[in-house]
Every structure is written in C-alpha cells, then in structure tokens.
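K.L.:
Below is the file protein-v4.cif, which contains mmCIF, C-alpha atoms and all ligand atoms.
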data_my_file
loop_
_atom_site.label_atom_id
_atom_site.label_comp_id
_atom_site.auth_asym_id
_atom_site.auth_seq_id
_atom_site.Cartn_x
_atom_site.Cartn_y
_atom_site.Cartn_z
CA MET X 1 71.31 96.70 122.00
CA THR X 2 69.53 94.73 119.30
CA THR X 3 66.27 95.51 117.50
CA ALA X 4 63.32 93.29 118.37
CA LEU X 5 62.82 90.50 115.90
CA ALA X 6 59.58 90.55 113.92
CA LEU X 7 59.08 87.07 115.36
CA ASP X 8 58.94 88.69 118.81
CA GLY X 9 56.66 91.56 117.77
CA GLY X 10 59.28 93.90 116.27
CA THR X 11 59.04 95.65 112.90
CA PRO X 12 59.84 93.36 109.94
CA ILE X 13 62.68 94.28 107.57
CA ARG X 14 60.30 94.17 104.60
CA THR X 15 56.63 93.70 103.83
CA GLN X 16 56.77 93.71 100.00
CA PRO X 17 57.08 90.26 98.40
CA LEU X 18 60.39 89.50 96.69
CA PRO X 19 60.57 88.54 93.00
CA SER X 20 59.70 84.85 92.91
CA VAL X 21 60.45 82.03 90.46
CA SER X 22 56.84 80.92 90.93
CA ASP X 23 55.58 83.77 88.72
CA ALA X 24 56.72 86.34 86.16
CA SER X 25 58.37 88.53 88.84
CA GLY X 26 61.33 86.18 89.21
CA ARG X 27 61.45 84.76 85.69
CA THR X 28 63.10 86.16 82.58
CA LEU X 29 60.34 85.53 80.04
CA GLY X 30 59.59 88.10 77.36
CA GLU X 31 57.73 88.79 74.15
CA GLU X 32 60.16 86.51 72.24
CA GLU X 33 58.95 83.46 74.17
CA VAL X 34 55.33 84.47 73.54
CA GLN X 35 56.07 84.76 69.80
CA ALA X 36 57.95 81.45 69.75
CA ALA X 37 55.08 79.58 71.40
CA ALA X 38 52.50 81.29 69.20
CA SER X 39 54.36 80.45 66.03
CA VAL X 40 54.44 76.74 66.91
CA LEU X 41 50.71 76.84 67.63
CA ARG X 42 50.02 78.57 64.31
CA SER X 43 52.08 75.96 62.45
CA GLY X 44 49.93 73.16 63.84
CA ARG X 45 53.09 71.09 64.40
CA LEU X 46 53.15 70.62 68.16
CA ASN X 47 54.98 67.30 68.34
CA SER X 48 58.71 66.86 67.77
CA THR X 49 58.14 64.01 65.33
CA VAL X 50 56.53 66.46 62.88
CA GLY X 51 58.10 69.82 63.79
CA GLU X 52 61.73 70.92 63.82
CA GLN X 53 61.98 73.06 66.98
CA THR X 54 63.11 70.20 69.21
CA ALA X 55 65.76 68.95 66.79
CA VAL X 56 67.11 72.47 66.38
CA PHE X 57 67.06 73.07 70.14
CA GLU X 58 69.02 69.84 70.69
CA ARG X 59 71.68 70.97 68.22
CA GLU X 60 71.84 74.45 69.76
CA PHE X 61 72.10 73.10 73.29
CA ALA X 62 74.88 70.66 72.38
CA GLU X 63 76.75 73.45 70.67
CA TYR X 64 76.25 75.76 73.65
CA MET X 65 77.63 73.13 76.01
CA GLY X 66 80.39 72.07 73.66
CA THR X 67 79.27 68.45 73.54
CA ARG X 68 78.58 66.29 70.50
CA TYR X 69 75.05 65.26 71.46
CA ALA X 70 72.04 66.58 73.34
CA SER X 71 68.71 64.83 73.65
CA ALA X 72 65.60 66.70 74.80
CA SER X 73 62.95 65.16 77.03
CA SER X 74 59.90 66.07 79.07
CA SER X 75 61.56 66.82 82.44
CA GLY X 76 64.83 66.75 84.34
CA THR X 77 63.69 63.46 85.86
CA ALA X 78 63.16 62.07 82.35
CA ALA X 79 66.60 63.33 81.29
CA ILE X 80 68.15 61.47 84.24
CA HIS X 81 66.05 58.40 83.51
CA ALA X 82 67.35 58.47 79.94
CA ALA X 83 70.93 58.67 81.24
CA VAL X 84 70.38 55.72 83.58
CA ALA X 85 68.69 53.76 80.79
CA ALA X 86 71.66 54.53 78.53
CA VAL X 87 73.93 52.93 81.15
CA ASP X 88 71.56 49.94 80.92
CA PRO X 89 72.05 48.39 84.36
CA ASN X 90 70.89 44.88 85.13
CA PRO X 91 68.19 44.72 87.81
CA GLY X 92 69.92 45.00 91.17
CA ASP X 93 73.00 46.75 89.80
CA GLU X 94 74.00 49.74 91.89
CA ILE X 95 74.22 53.46 91.26
CA ILE X 96 75.93 55.60 93.88
CA THR X 97 74.26 58.93 94.61
CA THR X 98 73.43 61.53 97.25
CA GLY X 99 70.57 61.68 99.74
CA LEU X 100 70.58 65.49 99.59
CA SER X 101 68.80 66.33 96.34
CA ASP X 102 65.49 66.50 94.55
CA ALA X 103 63.70 63.15 94.30
CA GLY X 104 64.20 63.44 90.53
CA THR X 105 67.78 62.32 91.12
CA VAL X 106 66.89 59.00 92.68
CA MET X 107 63.51 57.95 91.25
CA PRO X 108 64.96 57.16 87.79
CA ILE X 109 67.41 54.72 89.39
CA LEU X 110 64.51 52.80 90.93
CA ALA X 111 62.42 53.10 87.77
CA GLN X 112 65.21 51.37 85.87
CA ASN X 113 65.32 48.63 88.53
CA ALA X 114 68.74 49.60 89.82
CA VAL X 115 69.57 50.07 93.50
CA PRO X 116 70.55 53.52 94.79
CA VAL X 117 73.56 53.39 97.10
CA PHE X 118 74.00 56.53 99.17
CA ALA X 119 77.33 58.19 99.80
CA ASP X 120 77.75 61.10 102.19
CA VAL X 121 78.32 64.76 101.39
CA ASP X 122 80.89 67.42 102.18
CA PRO X 123 79.39 69.44 105.07
CA SER X 124 80.70 72.72 103.62
CA THR X 125 78.97 72.32 100.21
CA GLY X 126 76.35 69.59 100.44
CA ASN X 127 77.93 67.90 97.41
CA LEU X 128 79.08 64.26 97.29
CA GLU X 129 82.37 63.63 99.02
CA VAL X 130 84.84 61.62 96.92
CA GLU X 131 86.11 59.29 99.65
CA SER X 132 82.58 58.39 100.67
CA VAL X 133 81.78 57.53 97.05
CA ARG X 134 84.94 55.43 96.77
CA ALA X 135 83.97 53.47 99.89
CA ALA X 136 80.53 52.70 98.41
CA ILE X 137 81.84 51.05 95.22
CA THR X 138 81.13 47.31 94.94
CA PRO X 139 81.41 44.82 92.06
CA ARG X 140 77.77 45.68 91.21
CA THR X 141 78.33 49.45 90.88
CA ARG X 142 77.52 50.62 87.36
CA ALA X 143 77.46 54.39 87.75
CA ILE X 144 77.90 57.39 90.01
CA LEU X 145 75.11 59.99 89.83
CA VAL X 146 76.45 63.26 91.23
CA VAL X 147 74.48 66.47 91.84
CA HIS X 148 75.86 70.02 91.68
CA LEU X 149 73.66 71.18 94.54
CA PHE X 150 72.33 74.75 94.31
CA GLY X 151 74.69 75.19 91.35
CA ALA X 152 77.89 74.72 93.36
CA PRO X 153 80.54 72.61 91.62
CA ALA X 154 80.74 69.00 92.82
CA PRO X 155 84.17 67.30 92.62
CA VAL X 156 83.46 65.78 89.21
CA VAL X 157 87.05 65.78 87.97
CA GLU X 158 88.01 63.49 90.86
CA LEU X 159 84.83 61.44 90.44
CA ARG X 160 85.48 61.00 86.72
CA ALA X 161 88.96 59.65 87.51
CA LEU X 162 87.41 57.32 90.09
CA ALA X 163 84.75 56.17 87.61
CA ASP X 164 87.32 55.53 84.90
CA ALA X 165 89.52 53.55 87.30
CA HIS X 166 86.54 51.27 88.03
CA ASP X 167 85.18 51.22 84.49
CA ILE X 168 81.86 52.73 85.54
CA ILE X 169 79.87 55.71 84.24
CA LEU X 170 79.69 59.19 85.77
CA ILE X 171 76.34 60.97 85.35
CA GLU X 172 76.13 64.65 86.36
CA ASP X 173 72.76 65.97 87.55
CA CYS X 174 73.00 69.61 86.49
CA ALA X 175 69.33 70.48 87.06
CA GLN X 176 70.52 73.27 89.38
CA ALA X 177 73.81 73.93 87.63
CA TYR X 178 73.58 75.67 84.26
CA LEU X 179 76.95 77.29 83.50
CA THR X 180 78.50 76.05 86.73
CA ARG X 181 82.28 75.84 86.27
CA VAL X 182 84.13 72.83 87.62
CA GLY X 183 87.71 71.70 88.15
CA PRO X 184 91.01 73.49 87.61
CA GLU X 185 90.20 74.22 83.96
CA GLY X 186 86.75 75.63 84.63
CA ALA X 187 84.93 73.08 82.47
CA LEU X 188 81.16 73.40 82.21
CA ALA X 189 79.26 71.18 84.63
CA GLY X 190 77.75 68.34 82.66
CA THR X 191 80.71 67.92 80.33
CA VAL X 192 83.15 66.15 82.67
CA GLY X 193 81.00 63.07 83.30
CA HIS X 194 79.99 60.64 80.57
CA LEU X 195 76.49 62.12 80.67
CA GLY X 196 75.05 65.42 81.94
CA CYS X 197 71.38 66.09 82.70
CA PHE X 198 69.51 69.40 82.85
CA SER X 199 65.99 70.53 83.77
CA LEU X 200 63.73 73.25 82.37
CA GLN X 201 61.21 73.04 85.22
CA GLN X 202 59.55 76.24 86.44
CA THR X 203 62.13 77.04 89.15
CA LYS X 204 65.38 76.32 87.28
CA HIS X 205 67.71 78.98 85.79
CA ILE X 206 65.82 78.79 82.49
CA THR X 207 62.41 77.24 81.99
CA ALA X 208 59.80 75.95 79.59
CA GLY X 209 57.49 74.94 82.44
CA ASP X 210 58.99 71.46 82.35
CA GLY X 211 61.61 69.87 80.14
CA GLY X 212 64.96 68.14 80.25
CA LEU X 213 68.19 67.58 78.35
CA THR X 214 70.76 64.79 78.39
CA ILE X 215 74.18 65.62 76.93
CA THR X 216 77.15 63.40 76.11
CA ASN X 217 80.12 63.02 73.78
CA ASP X 218 79.62 59.26 73.53
CA GLY X 219 77.74 58.21 70.41
CA ARG X 220 76.53 54.92 71.86
CA LEU X 221 75.21 56.48 75.09
CA ALA X 222 73.65 59.31 73.06
CA ARG X 223 71.76 56.90 70.83
CA ARG X 224 70.44 54.88 73.75
CA ALA X 225 69.36 58.03 75.64
CA ARG X 226 67.63 59.42 72.54
CA LEU X 227 65.83 56.18 71.74
CA PHE X 228 64.75 55.68 75.36
CA VAL X 229 62.64 58.86 75.39
CA ASP X 230 60.86 57.84 72.18
CA LYS X 231 59.78 54.25 72.85
CA ALA X 232 63.11 53.05 71.42
CA TRP X 233 61.65 53.68 67.97
CA PRO X 234 64.48 54.16 65.46
CA ARG X 235 62.67 56.71 63.31
CA ASP X 236 65.87 57.50 61.41
CA THR X 237 65.78 54.00 59.89
CA GLY X 238 62.17 54.32 58.73
CA GLU X 239 61.27 51.06 60.45
CA ARG X 240 58.41 50.96 62.97
CA THR X 241 59.99 48.78 65.61
CA HIS X 242 61.10 49.08 69.23
CA LEU X 243 64.68 48.15 69.92
CA PHE X 244 64.42 47.89 73.71
CA LEU X 245 62.19 49.03 76.58
CA GLY X 246 61.60 52.77 76.17
CA LEU X 247 58.99 55.35 77.14
CA ASN X 248 57.51 58.47 75.63
CA TYR X 249 59.31 61.32 77.36
CA ARG X 250 59.41 63.61 74.31
CA MET X 251 59.68 67.38 74.66
CA THR X 252 56.89 69.21 72.82
CA GLU X 253 57.58 71.75 70.09
CA ILE X 254 56.10 74.52 72.26
CA GLN X 255 58.54 73.71 75.06
CA SER X 256 61.45 73.58 72.64
CA ALA X 257 60.56 76.86 70.96
CA VAL X 258 60.36 78.61 74.35
CA ALA X 259 63.54 76.90 75.59
CA ARG X 260 65.50 78.08 72.54
CA VAL X 261 64.74 81.69 73.49
CA GLN X 262 65.51 80.97 77.14
CA LEU X 263 68.91 79.53 76.22
CA GLY X 264 69.79 82.85 74.63
CA ARG X 265 69.15 84.53 77.99
CA LEU X 266 71.04 82.05 80.12
CA ALA X 267 74.42 83.80 80.32
CA ASP X 268 72.79 87.05 81.53
CA VAL X 269 70.60 85.16 83.99
CA VAL X 270 73.61 83.47 85.58
CA SER X 271 75.73 86.61 85.71
CA ALA X 272 72.93 88.59 87.39
CA ARG X 273 72.54 85.81 89.97
CA ARG X 274 76.28 85.76 90.57
CA ALA X 275 76.52 89.54 90.97
CA ALA X 276 73.72 89.62 93.54
CA ALA X 277 75.15 86.60 95.36
CA SER X 278 78.57 88.17 95.70
CA VAL X 279 77.02 91.07 97.65
CA LEU X 280 75.34 88.70 100.09
CA THR X 281 78.48 86.56 100.37
CA THR X 282 80.34 89.64 101.62
CA VAL X 283 77.67 90.25 104.28
CA LEU X 284 77.95 86.65 105.48
CA GLU X 285 81.69 87.07 105.99
CA GLU X 286 80.85 89.43 108.90
CA LEU X 287 78.54 86.94 110.62
CA PRO X 288 80.32 84.24 112.64
CA GLY X 289 78.70 80.85 112.39
CA LEU X 290 77.17 81.50 108.94
CA ALA X 291 79.06 80.62 105.74
CA ALA X 292 78.14 80.98 102.08
CA ALA X 293 79.08 78.24 99.58
CA PRO X 294 82.50 78.82 98.00
CA ALA X 295 81.77 81.32 95.20
CA ASP X 296 84.11 79.76 92.64
CA GLY X 297 82.18 78.46 89.65
CA THR X 298 78.81 78.53 91.42
CA SER X 299 75.76 79.52 89.38
CA TYR X 300 73.36 80.11 92.33
CA TRP X 301 70.19 78.20 91.64
CA GLN X 302 69.40 79.03 95.25
CA PHE X 303 71.68 80.56 97.88
CA PRO X 304 72.75 78.04 100.55
CA VAL X 305 74.05 79.17 103.94
CA PHE X 306 75.98 76.66 106.06
CA LEU X 307 75.47 77.17 109.80
CA ASP X 308 77.40 76.32 112.87
CA PRO X 309 74.43 76.49 115.30
CA GLN X 310 76.69 76.79 118.36
CA VAL X 311 78.26 79.97 116.99
CA ALA X 312 75.22 81.34 115.12
CA GLY X 313 72.93 81.14 118.15
CA GLY X 314 70.30 79.07 116.38
CA ASP X 315 69.85 76.33 113.82
CA ALA X 316 68.63 76.58 110.24
CA GLY X 317 65.01 76.01 111.28
CA GLY X 318 65.23 78.82 113.84
CA TYR X 319 66.82 81.15 111.29
CA ALA X 320 64.24 80.27 108.62
CA GLU X 321 61.38 81.05 110.99
CA ALA X 322 62.86 84.36 112.12
CA LEU X 323 63.78 85.42 108.57
CA GLY X 324 60.29 84.52 107.36
CA ALA X 325 58.81 86.85 109.97
CA GLU X 326 61.18 89.58 108.71
CA GLY X 327 59.65 89.17 105.22
CA ILE X 328 62.57 87.14 103.87
CA PRO X 329 61.51 83.64 102.80
CA ALA X 330 64.00 80.95 103.78
CA ASN X 331 63.99 77.19 104.03
CA GLY X 332 65.66 75.25 106.83
CA GLY X 333 67.21 72.01 105.55
CA TYR X 334 66.17 72.19 101.85
CA ILE X 335 64.33 68.83 102.08
CA THR X 336 62.59 67.41 105.13
CA ARG X 337 64.50 64.11 105.17
CA PRO X 338 67.29 62.46 103.20
CA LEU X 339 65.99 60.76 100.05
CA TYR X 340 66.74 57.35 101.58
CA LEU X 341 64.29 58.09 104.41
CA THR X 342 61.36 58.90 102.11
CA PRO X 343 58.68 56.16 102.11
CA ALA X 344 59.50 55.16 98.52
CA LEU X 345 62.91 53.97 99.67
CA ALA X 346 62.75 53.38 103.42
CA GLU X 347 59.52 51.38 103.09
CA LYS X 348 60.42 49.96 99.65
CA ARG X 349 57.23 51.30 98.06
CA THR X 350 58.15 50.48 94.50
CA TYR X 351 56.39 47.72 92.54
CA GLY X 352 53.35 46.24 94.25
CA THR X 353 54.35 44.60 97.48
CA SER X 354 57.56 43.14 95.99
CA GLY X 355 59.95 45.77 97.33
CA LEU X 356 61.93 45.25 94.11
CA PRO X 357 64.65 46.19 93.34
CA LEU X 358 65.40 47.20 96.92
CA THR X 359 65.27 43.62 98.15
CA ASP X 360 68.87 43.53 96.82
CA ALA X 361 70.00 46.64 98.74
CA TRP X 362 72.88 46.05 101.14
CA GLN X 363 72.55 49.46 102.72
CA GLU X 364 69.92 49.92 105.37
CA TYR X 365 67.96 53.08 104.53
CA ALA X 366 67.77 54.19 108.14
CA PRO X 367 68.79 57.25 110.17
CA GLY X 368 72.55 57.43 110.58
CA LEU X 369 73.37 56.19 107.06
CA CYS X 370 74.90 59.51 105.93
CA PRO X 371 75.64 61.67 109.00
CA ALA X 372 76.79 64.84 107.21
CA THR X 373 73.69 64.73 104.96
CA GLU X 374 71.47 64.35 108.02
CA ASP X 375 73.22 67.17 109.92
CA LEU X 376 72.71 69.56 107.01
CA ILE X 377 69.02 68.72 106.65
CA GLY X 378 68.56 68.64 110.41
CA GLY X 379 69.81 72.14 111.17
CA ARG X 380 73.01 73.18 109.41
CA LEU X 381 71.65 74.11 105.97
CA LEU X 382 69.64 77.28 105.40
CA VAL X 383 68.44 77.89 101.85
CA LEU X 384 67.56 81.34 100.56
CA PRO X 385 65.49 81.52 97.36
CA TRP X 386 67.41 83.20 94.56
CA ASN X 387 66.75 84.61 91.11
CA GLU X 388 68.14 87.06 88.59
CA ASN X 389 65.51 89.74 89.20
CA TYR X 390 66.55 90.82 92.68
CA SER X 391 67.31 94.54 92.85
CA SER X 392 70.19 95.79 94.99
CA GLU X 393 67.55 96.83 97.57
CA ASP X 394 66.22 93.27 97.63
CA VAL X 395 69.69 91.89 98.26
CA GLU X 396 70.26 94.54 100.93
CA ASP X 397 67.10 93.31 102.67
CA PHE X 398 68.51 89.78 102.73
CA GLY X 399 71.67 91.16 104.30
CA SER X 400 69.83 93.34 106.83
CA ALA X 401 67.54 90.48 107.87
CA LEU X 402 70.46 88.09 108.30
CA ARG X 403 72.40 90.67 110.35
CA LYS X 404 69.35 91.37 112.50
CA VAL X 405 68.49 87.75 113.20
CA HIS X 406 72.13 86.84 113.77
CA GLY X 407 72.59 89.77 116.16
CA ALA X 408 69.50 88.83 118.18
CA PHE X 409 70.24 85.10 118.28
CA VAL X 410 73.87 85.57 119.31
CA ALA X 411 72.97 88.20 121.96
CA GLU X 412 70.27 85.96 123.36
CA THR X 413 72.41 82.86 123.66
CA GLY X 414 75.89 84.26 124.14
CA GLY X 415 76.79 81.83 121.41
CA ALA X 416 75.06 78.67 122.65
CA ALA X 417 72.38 77.51 120.24
CA SER X 418 68.89 77.96 121.56
CA ARG X 419 66.61 79.09 118.75
CA GLY X 420 65.32 76.29 116.63
C1 LIG X 501 64.68 69.79 89.62
C2 LIG X 501 65.65 68.71 89.85
C3 LIG X 501 65.51 67.44 89.29
C4 LIG X 501 64.28 67.00 88.56
O1 LIG X 501 63.96 67.83 87.51
P1 LIG X 501 62.40 67.93 87.04
O2 LIG X 501 62.51 68.73 85.79
O3 LIG X 501 61.68 68.62 88.14
O4 LIG X 501 61.93 66.54 86.81
C5 LIG X 501 66.51 66.52 89.49
N1 LIG X 501 67.60 66.82 90.21
C6 LIG X 501 67.76 68.02 90.77
C7 LIG X 501 69.02 68.28 91.53
C8 LIG X 501 66.79 69.01 90.63
O5 LIG X 501 66.96 70.19 91.20
#
Could you write out this file's structure as structure tokens?
Ligand SMILES: *Cc1c(COP(=O)(O)O)cnc(C)c1O

P.N.:
Amino acid sequence: MTTALALDGGTPIRTQPLPSVSDASGRTLGEEEVQAAASVLRSGRLNSTVGEQTAVFEREFAEYMGTRYASASSSGTAAIHAAVAAVDPNPGDEIITTGLSDAGTVMPILAQNAVPVFADVDPSTGNLEVESVRAAITPRTRAILVVHLFGAPAPVVELRALADAHDIILIEDCAQAYLTRVGPEGALAGTVGHLGCFSLQQTKHITAGDGGLTITNDGRLARRARLFVDKAWPRDTGERTHLFLGLNYRMTEIQSAVARVQLGRLADVVSARRAAASVLTTVLEELPGLAAAPADGTSYWQFPVFLDPQVAGGDAGGYAEALGAEGIPANGGYITRPLYLTPALAEKRTYGTSGLPLTDAWQEYAPGLCPATEDLIGGRLLVLPWNENYSSEDVEDFGSALRKVHGAFVAETGGAASRG
C-alpha cells in the first residue's frame, strides 16, 4: 500500500516554500553586512584602486585558505579567466576540463583562445575521472581545469601528480567547493592545484551578489592573475602602462566589504549544510537505486543524488517532477546538455563566423563524446537545492518526499524504470 503521489492527485508532503538561496530565507546575511556596505558608501571610496577593502579581503582570504596569494575579481568566471590567462596559453593550446559544470568553467578557456578538451566523469560523483583526463593529454595540453562538483572532492591529488608529470598546470574550480576537503591529508580544495578559483555569486556558500577569487602559492602566476583583472596595469610601479592583454574584472569595495563579513560566517555555513546533509544521506541508504555522494570532505553546495533508474523505478527527470509536485524542488540532470553540446561550442559560436579557436579542436563536440557525463545529465543525476537554513523539519520533508516517490515508483514498476 503506497500513498498517492501529489503528481497523481494525492496530498503533497509540503505546501510551504523551503528556504531558498534566491532570497534572504536561504542566505546568511545580517546587520554586519548592511553596516559594511553602508560604511563603504559613506566613505565615497567604492573602487578598489582608491579604497582598502579589496586589498584587505584578498589578504584575509589567502590567510584563510593558507595560500600565499589571493586576487579578487568580479565573478567566478572572471576568477577562472584570470587563472587561464595566468597560464598564458597560445591560441589553440588545449585545456582539459569537464562537460558537467557551469558554463563559467569553460567560457574563460574560449575567451583566452584556448581549446577545451573534454574528459569524462566518474558516474558516482560527477567529478573528472583521472584515467579519462590522462587519455586526453596531447603535446598541446597546457592545463587541466577540474571542478569539485556540488562541493564533492575531485581527485586533485592524483591530477596534480599527473599535471606535474606532464609539466602542465592544474586549476581547481572551487565555485561550489568552499571548505571541501580533498586527498588523504584533508587539504582544502583549491590549494592542491597550482591555482584555485572561487565564486561569490548569489547561490554559492557565501555571496556578495557576484565576485570571485583566484588563489595560488606561485608568485609568477599570482602576479599575472592579479594584473589580468586590472588591464595589466602595474599600479605598484607607479607607471601607467599595460604589460599584456588584460581586462577590468575588479571587485568593488562594496562587494569586498560584504564578502569579508561573509567569510567570517563560512565555517558555520558549511557545518550546518553538512549536518543537514548527513540526515538525508542516512535516509537515502534505505532507498535502493538512490545514492548520495560520498560524504567525506563534501561541503554540499547542492545535494546530488545518483540514480540507478532500473532499481529506483524512474529516472532523475521523473523523480524531479514527482518531488516538485510534493513541494520539494528538484532538478533532473543539473544542466540540460553537456557544455560541449551548447551552441557556443557545438556550433562554434565564438568570434564572428571564424569558429576560432575551435577550428583547431580535434574532438568532435557531438553526442557520445563523454558517455558517463551524458548518462548523468540524461537521467542518472538528481539535484536537490541545499542551504544552511533548512530546519530539521525541512530536511525531514526531503526524506519523506523521497521515500514516498521511491515507494510509489518501485511499486508501480516492480523495479523496471517507467517514470520519466
Ligand atoms: C558558479 C560557477 C562558476 C561561475 O561563477 P560565476 O560567479 O557565476 O561567474 C564556475 N564554475 C562553477 C562550477 C560554478 O558553480
């Protein structure tokens, strides 16, 4: 006997909206941030070239991460662009990355005229798989750009060894991975690669609306990343000149002042997310065909569930629809297509009609390129929104809705996938 799904006219598990990262309900923003922003406005120094908030924030962030350098910028995409620019590829050089991420991972590669080469992911985490990366290395590879998806640790210790063996750079995209712990020693994500990149966009663990950070221990890479976001203007020398092609991706003083307060809240934000996630992870252990990401080191930007549709009685799209009707928002697949199948890449919509730099690509950006990536997006990856403000009742509702939908789907199909 199962209860009727809300999708089929039954009573939904909940009707109240959950705390959401799209507004104050799911964000940890307080009076201190208001004061910080107001004090910058009162000072009249809103730009980092005249104020000191950004410089102080950079020092504080580097110290927090235990790296020598941090450079602030206007977004996570800008922070990644600065990292790619610091690597300084020649046009047509290659950077190996994942097709399962935000577009902010891959656009900076194209913007710097390098060619993204896609490696496949581990189906149990969605993170780059080391052997697939190894197989994608060519004489033109200059860097590996790895993502810690949803805050789950990617195999960066192995990838750093691989990068070092080939004399190439490892960039970690940590936009979803503040305080993620990686490797046997539990290093902070972002500190194992040569460069680590973070985002302060609205939905990330901490936010200033938008914003980014690039961290490194390498003085040369740090200087190039810093100059790149400020028109390559070496202000420290007093000379008004431009040392190479750079842009204006500066973080404003208001963003920096807010971000400094947010950084002070980060540890609590991550531990609240972890505590809530551990409750839901336990629920998932009872539900055959549904698996949480391995909990070790994960910082839970969102909460991914990995499905075996044959056992779970439905695919991620079917689950997302049924959960949505129960009042539990969920997203089947995370993104609608792998990054290499978006028009920018698949149709080479880059610079005019030139197709540059993708005219040099040896990979065909076509379905079948990365099968595990495509399986996850196509039906095996269910993403539950997550934040630090869920009450234990909220988390219970996630569990009840998952149990209910799972029970109905499995009863209906006797195990064979039908919903979705
Ligand atoms: C959010 C995000 C980015 C881009 O950051 P923005 O601040 O939105 O530009 C890049 N990579 C990943 C994995 C992200 O989640």

K.L.:
Hey, which of X:Ala293, X:Ala86, X:Cys197, X:Val157 ends up closest to ligand LIG 501 (chain X)? Count all atoms listed in the file.

P.N.:
X:Cys197

K.L.:
What is the distance between CA of Gly151 in chain X and CA of Gly66 in chain X, in Å to one decimal?

P.N.:
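Separation between CA of Gly151 in chain X and CA of Gly66 in chain X: 18.8 Å.
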
K.L.:
Enumerate residues in contact with ligand LIG 501 (chain X): an atom-to-atom distance of at most 6 Å, counting all atoms listed in the file. Format the result as a PyMOL selection string.

P.N.:
chain X and resi 75-77+101-102+104-105+147+173+175-176+199-201+210-211

K.L.:
Would you mind exporting the chosen residues as an mmCIF file, keeping the file's coordinate frame, restricted to C-alpha atoms?

P.N.:
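Output saved as selection.cif:
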data_model
loop_
_atom_site.group_PDB
_atom_site.id
_atom_site.type_symbol
_atom_site.label_atom_id
_atom_site.label_comp_id
_atom_site.auth_asym_id
_atom_site.auth_seq_id
_atom_site.Cartn_x
_atom_site.Cartn_y
_atom_site.Cartn_z
ATOM 1 C CA SER X 75 61.560 66.820 82.440
ATOM 2 C CA GLY X 76 64.830 66.750 84.340
ATOM 3 C CA THR X 77 63.690 63.460 85.860
ATOM 4 C CA SER X 101 68.800 66.330 96.340
ATOM 5 C CA ASP X 102 65.490 66.500 94.550
ATOM 6 C CA GLY X 104 64.200 63.440 90.530
ATOM 7 C CA THR X 105 67.780 62.320 91.120
ATOM 8 C CA VAL X 147 74.480 66.470 91.840
ATOM 9 C CA ASP X 173 72.760 65.970 87.550
ATOM 10 C CA ALA X 175 69.330 70.480 87.060
ATOM 11 C CA GLN X 176 70.520 73.270 89.380
ATOM 12 C CA SER X 199 65.990 70.530 83.770
ATOM 13 C CA LEU X 200 63.730 73.250 82.370
ATOM 14 C CA GLN X 201 61.210 73.040 85.220
ATOM 15 C CA ASP X 210 58.990 71.460 82.350
ATOM 16 C CA GLY X 211 61.610 69.870 80.140
#

K.L.:
Of the residues X:Ile169, X:Ala111, X:Ala295, X:Leu5, which is the one nearest to Tyr351 in chain X, using only C-alpha atoms?

P.N.:
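Selected residue with least distance to Tyr351 in chain X: X:Ala111.
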
K.L.:
With a cut-off of 10 Å, could you pull out the residues of range 147-232 of chain X touching range 381-395 of chain X and give me the nearest pair of atoms for each, distance in Å to one decimal, using all atoms listed in the file, ordered by chain and ascending number, as JSON lines?

P.N.:
{"residue": "X:Phe150", "atom": "CA", "partner": "X:Val383", "partner_atom": "CA", "distance": 9.0}
{"residue": "X:Thr203", "atom": "CA", "partner": "X:Asn387", "partner_atom": "CA", "distance": 9.1}
{"residue": "X:Lys204", "atom": "CA", "partner": "X:Asn387", "partner_atom": "CA", "distance": 9.2}
{"residue": "X:His205", "atom": "CA", "partner": "X:Asn387", "partner_atom": "CA", "distance": 7.8}

K.L.:
Counting all atoms listed in the file, note down every residue that has an atom within 8 Å of the point (59.9, 90.7, 99.0) (file coordinates), as a list in words.

P.N.:
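Here is the list of nearby residues: Arg14, Thr15, Gln16, Pro17, Leu18, Pro19, Gly327, Ile328 and Asp394 of chain X.
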
K.L.:
Find the residues of range 78-179 of chain X that sit at most 12 Å from range 301-312 of chain X; for each, write down the nearest two atoms and how far apart they are in Å, to one decimal. Count only C-alpha atoms. Sort by chain, then by number going up, and give it as a Markdown table.

P.N.:
| residue | atom | partner | partner_atom | distance |
| --- | --- | --- | --- | --- |
| X:Asp122 | CA | X:Phe306 | CA | 11.2 |
| X:Pro123 | CA | X:Phe306 | CA | 8.0 |
| X:Ser124 | CA | X:Phe306 | CA | 6.6 |
| X:Thr125 | CA | X:Phe306 | CA | 7.9 |
| X:Gly126 | CA | X:Phe306 | CA | 9.0 |
| X:Asn127 | CA | X:Pro304 | CA | 11.8 |
| X:His148 | CA | X:Trp301 | CA | 10.0 |
| X:Leu149 | CA | X:Trp301 | CA | 8.4 |
| X:Phe150 | CA | X:Trp301 | CA | 4.9 |
| X:Gly151 | CA | X:Trp301 | CA | 5.4 |
| X:Ala152 | CA | X:Trp301 | CA | 8.6 |
| X:Pro153 | CA | X:Trp301 | CA | 11.8 |
| X:Cys174 | CA | X:Trp301 | CA | 10.4 |
| X:Ala175 | CA | X:Trp301 | CA | 9.0 |
| X:Gln176 | CA | X:Trp301 | CA | 5.4 |
| X:Ala177 | CA | X:Trp301 | CA | 6.9 |
| X:Tyr178 | CA | X:Trp301 | CA | 8.5 |
| X:Leu179 | CA | X:Trp301 | CA | 10.6 |

K.L.:
Which residue out of X:Ala225, X:Ala114, X:Val410, X:Ile96 has the minimum interatomic distance to Ile168 in chain X when all atoms listed in the file are used?

P.N.:
X:Ile96

K.L.:
Rank nothing, just name the residue among X:Pro116, X:Gly355, X:Pro155, X:Gly399 nearest to Gly183 in chain X, using all atoms listed in the file.

P.N.:
X:Pro155

K.L.:
Which one is closest to Thr67 in chain X: X:Arg235, X:Arg223, X:His166, X:His194? Count all atoms listed in the file.

P.N.:
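Using all atoms listed in the file, the shortest distance to Thr67 in chain X belongs to X:His194.
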
K.L.:
CA of Tyr340 in chain X and CA of Phe118 in chain X are how many Å apart?

P.N.:
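The value is 7.7 Å.
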
K.L.:
With all atoms listed in the file as the atoms that count, which of X:Ala143, X:Ala103, X:Leu221, X:Ala154 lies nearest to Val182 in chain X?

P.N.:
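Nearest candidate to Val182 in chain X out of X:Ala143, X:Ala103, X:Leu221, X:Ala154: X:Ala154.
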